[in-house]
Each structure stands twice: as C-alpha cells, then as structure tokens.
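A short write-up of the structure that comes next.
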Amino acid sequence: MTIWMNLAAIAGLTVVSVVTRGFFLIPEREVPLPPWLREALRYAPLAALVAVLVPEIAMTDDHLIATWRDPRLYATVAAGAMFIATRHLLGTILAGSAVLLALRLGLGW
Amino acid sequence: MTASTPLWRHPEFAVGAREMRDIALGIGAWGLVAGIAMSKAGLGAALAIAMSLCVFAGSAQLAALPLMVQGAPLWVIWATAFCVNLRFVIFSAGWRPYFESLERPKRLLAAYFTVDFTYIAFMRRFPAPVDTRAHLAYVAGNAAVGWTAWQGMTILGVVLADVIPTCWGLGFAGSLALLGITASLLVNRATWIAAAVAACAAFAAFALPFHLNIVVAIAAAMAAGVLVDRFSPPRAAPAGEAP
C-alpha cells in the first residue's frame, strides 16, 4: 500500500469515528425513538464494557481460561475485592496490577 | 455562566476532568499497549502516530491496522472500523437530548471526543438534561484529560515499542479500569442480570467477525434489562430479596 493509500485510509477512519460517535446527532430534527428503546439504551454502555472485558479477563485464544494458573483470575478477584471495599477506581487498578505483576514475575506464570 | 465564558472556566469542566483522572492510569496503560501494537503492525511510527491523533478510537485502529498493512481495499478497512465502533452509534442516540440545541458541526465535534467512559460518567452526572453549556464543559474537561492520557501514552508506546517488555502485562491495567467502571454500574438486580446476559452473549457470539459480538451483547442486555424492569415486582420487594 502506498503512503497515499494509507493516508486515505486514515482520513476515512477519522470520518468513521465522527460518523459513528455522532450518528444520531447528524439529522437536524430529532429521530423519534420509542420509549422502550430509550429505556433499553441505559443498558448499552454496561453491556459494551462487559463484552469487551470477557475475552480480556476470561479467555485465551478464543477459549475460556482452562487453567487455575492464570494470573488474570487472581488479579481480577483482587481488583474486584478492592472495588467492593473502597469503590475507588485507581486503587482497583493498582491492586489488580500488583497481583498480576507479583504472579508473573514472582511465580513465572 | 454566560456563553462568552470559556468552557474550561465553567465549574463542570473541573468535575469532568476529575472523574476522568481517576481512571487515567488505566487509559494510559492501555494507550501504551495500543501504541506498542500499532508500532509492531508494521505501518511505521509516523503513520501510526498520525492515525492515533486523527482516528482516536483504539479498538477500531487495532482492527484496521493489519488490514492496511495487508493492503486490503479501503472500503473493507472502513467497514471494519464502522462495525467495531457500532456501540458508539447506540450511545449517540443517548447524546441527542443533551446536545440538541447546538449547531450540527458543534454537535459532531463534541461527539467525536466522547469515548466509552465519557458517556458513562456523563450519564451518571446528568441523568436528565440541564443546560447545554454545562454538558459541553463536562465533556470538554473529561475529554481533555482522557485525550491527553491516551494520545500521550500511545505515542510513547509507538516510540518505545522495542524497549518495553510485553511480559509486564501492562494492557491488563486497562482491563482493570474497565472492570472497575463496570462494577460501578452494577447498582441493582436489573443491571446485574443485564451484565450476566451480556457476558454470556459476548462469549457465545465471540466467533463473529469485526467484534460484532459486542453488538450482540448490547442487544441481548438491552432486552434483558427492559424485561427485568417491566416484570420485576414493584419497589416493595419481599424481605431478603436483593433490591
């Protein structure tokens, strides 16, 4: 691919970002949404997050984790416990990362 | 607040910035990993950085990159990114009432800078529209911190790709940020059920191309959430039952 093709691809991808993020903001008049759909939209971000998370914390190469010696399991539990105890996001990230690093570097998992 | 006051001096700017600051570490770690991956895809550092600065959509970039390196047709590259970004199309319906009074270019500019976490934090801050200026200031503050953390660390990742060992599991810090945000959204039975349904759907549909399993999970969770809202017993639940 030439440099110009790559630049064209990047320009188009930028348009895709604007169009997808602003999709229902493009028309001048409001697009009427039925009330049930408006209500259902409240669950969309939660579902998107969960769907992104599932492979990150529970899957290896298209399959569910099949071993107990996966540091991600313990890091996830530690982070979850930290969140329940403190409800603090930064502490949650640090607790999980600490467990992950300890198991990776300490036990070589 | 008059319209002439700059957005960054509006009190909501600081609120938006503060709420993004708490997860900036996770976003930064994720940006670093994305930068490393982009560098290793073989596009070259300059193009990778230009792509990050313009496109500003991590997962879409990582999906598009291998296609660009392989020389896939442009429409395939764009369609792939569109599918990966479909969740934003769904979120944009939620933005509508908050930015309705702005002109179209401003509406789209505000939307361009909103990432997943901006949407979530914003809807918690403003369950109903109050004042367009306050909405804009909050988004600007939130996006200023998020954009800087993401872009700065992505560029660092592109530049330092060959130096940073992958064994540190840096990317997992980003997943942990997601985990925390997800946990903060689990506030009642309906959200727990919706999350469980989303997890099962995302796993079951994992084989779909273009990350379409995310869209399947959203549709399934929306249906489950609404069903629970409709058919769960009214507020006075029997003793011992979760609220």
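How things are named: the first chain in the structure tokens is A, the next is B, and so on; residues count from 1 in each chain; ligands count from 1 in the order shown.
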Return as a count of residues only the residues belonging to chain B that are within 7 Å of chain A, counting only C-alpha atoms. 49
Can you list, as a count of residues only, all residues belonging to chain A that DSSP tags as alpha helix (DSSP H)? 69
All residues 12 Å or closer to Gly141 (chain B), only C-alpha atoms, same chain fewer than 4 positions away omitted, as a PyMOL selection string: chain B and resi 6-21+110+113-114+118+121-122+134-137+145-148
In Å, rounded to a single decimal, give me how far CA of Gly174 (chain B) is from CA of Gly44 (chain B). 24.3 Å
Point-to-point distance in Å for CA of Tyr119 (chain B) and CA of Thr132 (chain B): 15.2 Å
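The spacing separating CA of Val197 (chain B) from CA of Phe117 (chain B) amounts to 20.9 Å.
Here the question is which of B:Ala201, B:Leu208, B:Ile181, B:Val163 gets nearest to Arg124 (chain B) using only C-alpha atoms, and that residue is B:Ile181.
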Every residue of region 13-104 of chain A that DSSP places in strand (DSSP E), as a PyMOL selection string: chain A and resi 59-60+63-64
Would you save the residues of that selection, restricted to N, CA and C atoms, as a PDB file, in the first residue's frame?
ATOM      1  N   MET A  59     -10.582 -15.254  28.723  1.00  0.00           N
ATOM      2  CA  MET A  59     -10.369 -16.090  27.540  1.00  0.00           C
ATOM      3  C   MET A  59      -8.909 -16.051  27.089  1.00  0.00           C
ATOM      4  N   THR A  60      -8.460 -17.172  26.555  1.00  0.00           N
ATOM      5  CA  THR A  60      -7.146 -17.267  25.922  1.00  0.00           C
ATOM      6  C   THR A  60      -7.339 -17.880  24.544  1.00  0.00           C
ATOM      7  N   HIS A  63     -10.819 -19.336  23.635  1.00  0.00           N
ATOM      8  CA  HIS A  63     -11.420 -20.300  24.563  1.00  0.00           C
ATOM      9  C   HIS A  63     -11.428 -19.727  25.966  1.00  0.00           C
ATOM     10  N   LEU A  64     -12.376 -20.223  26.793  1.00  0.00           N
ATOM     11  CA  LEU A  64     -12.369 -19.834  28.192  1.00  0.00           C
ATOM     12  C   LEU A  64     -11.069 -20.309  28.830  1.00  0.00           C
TER      13      LEU A  64
END
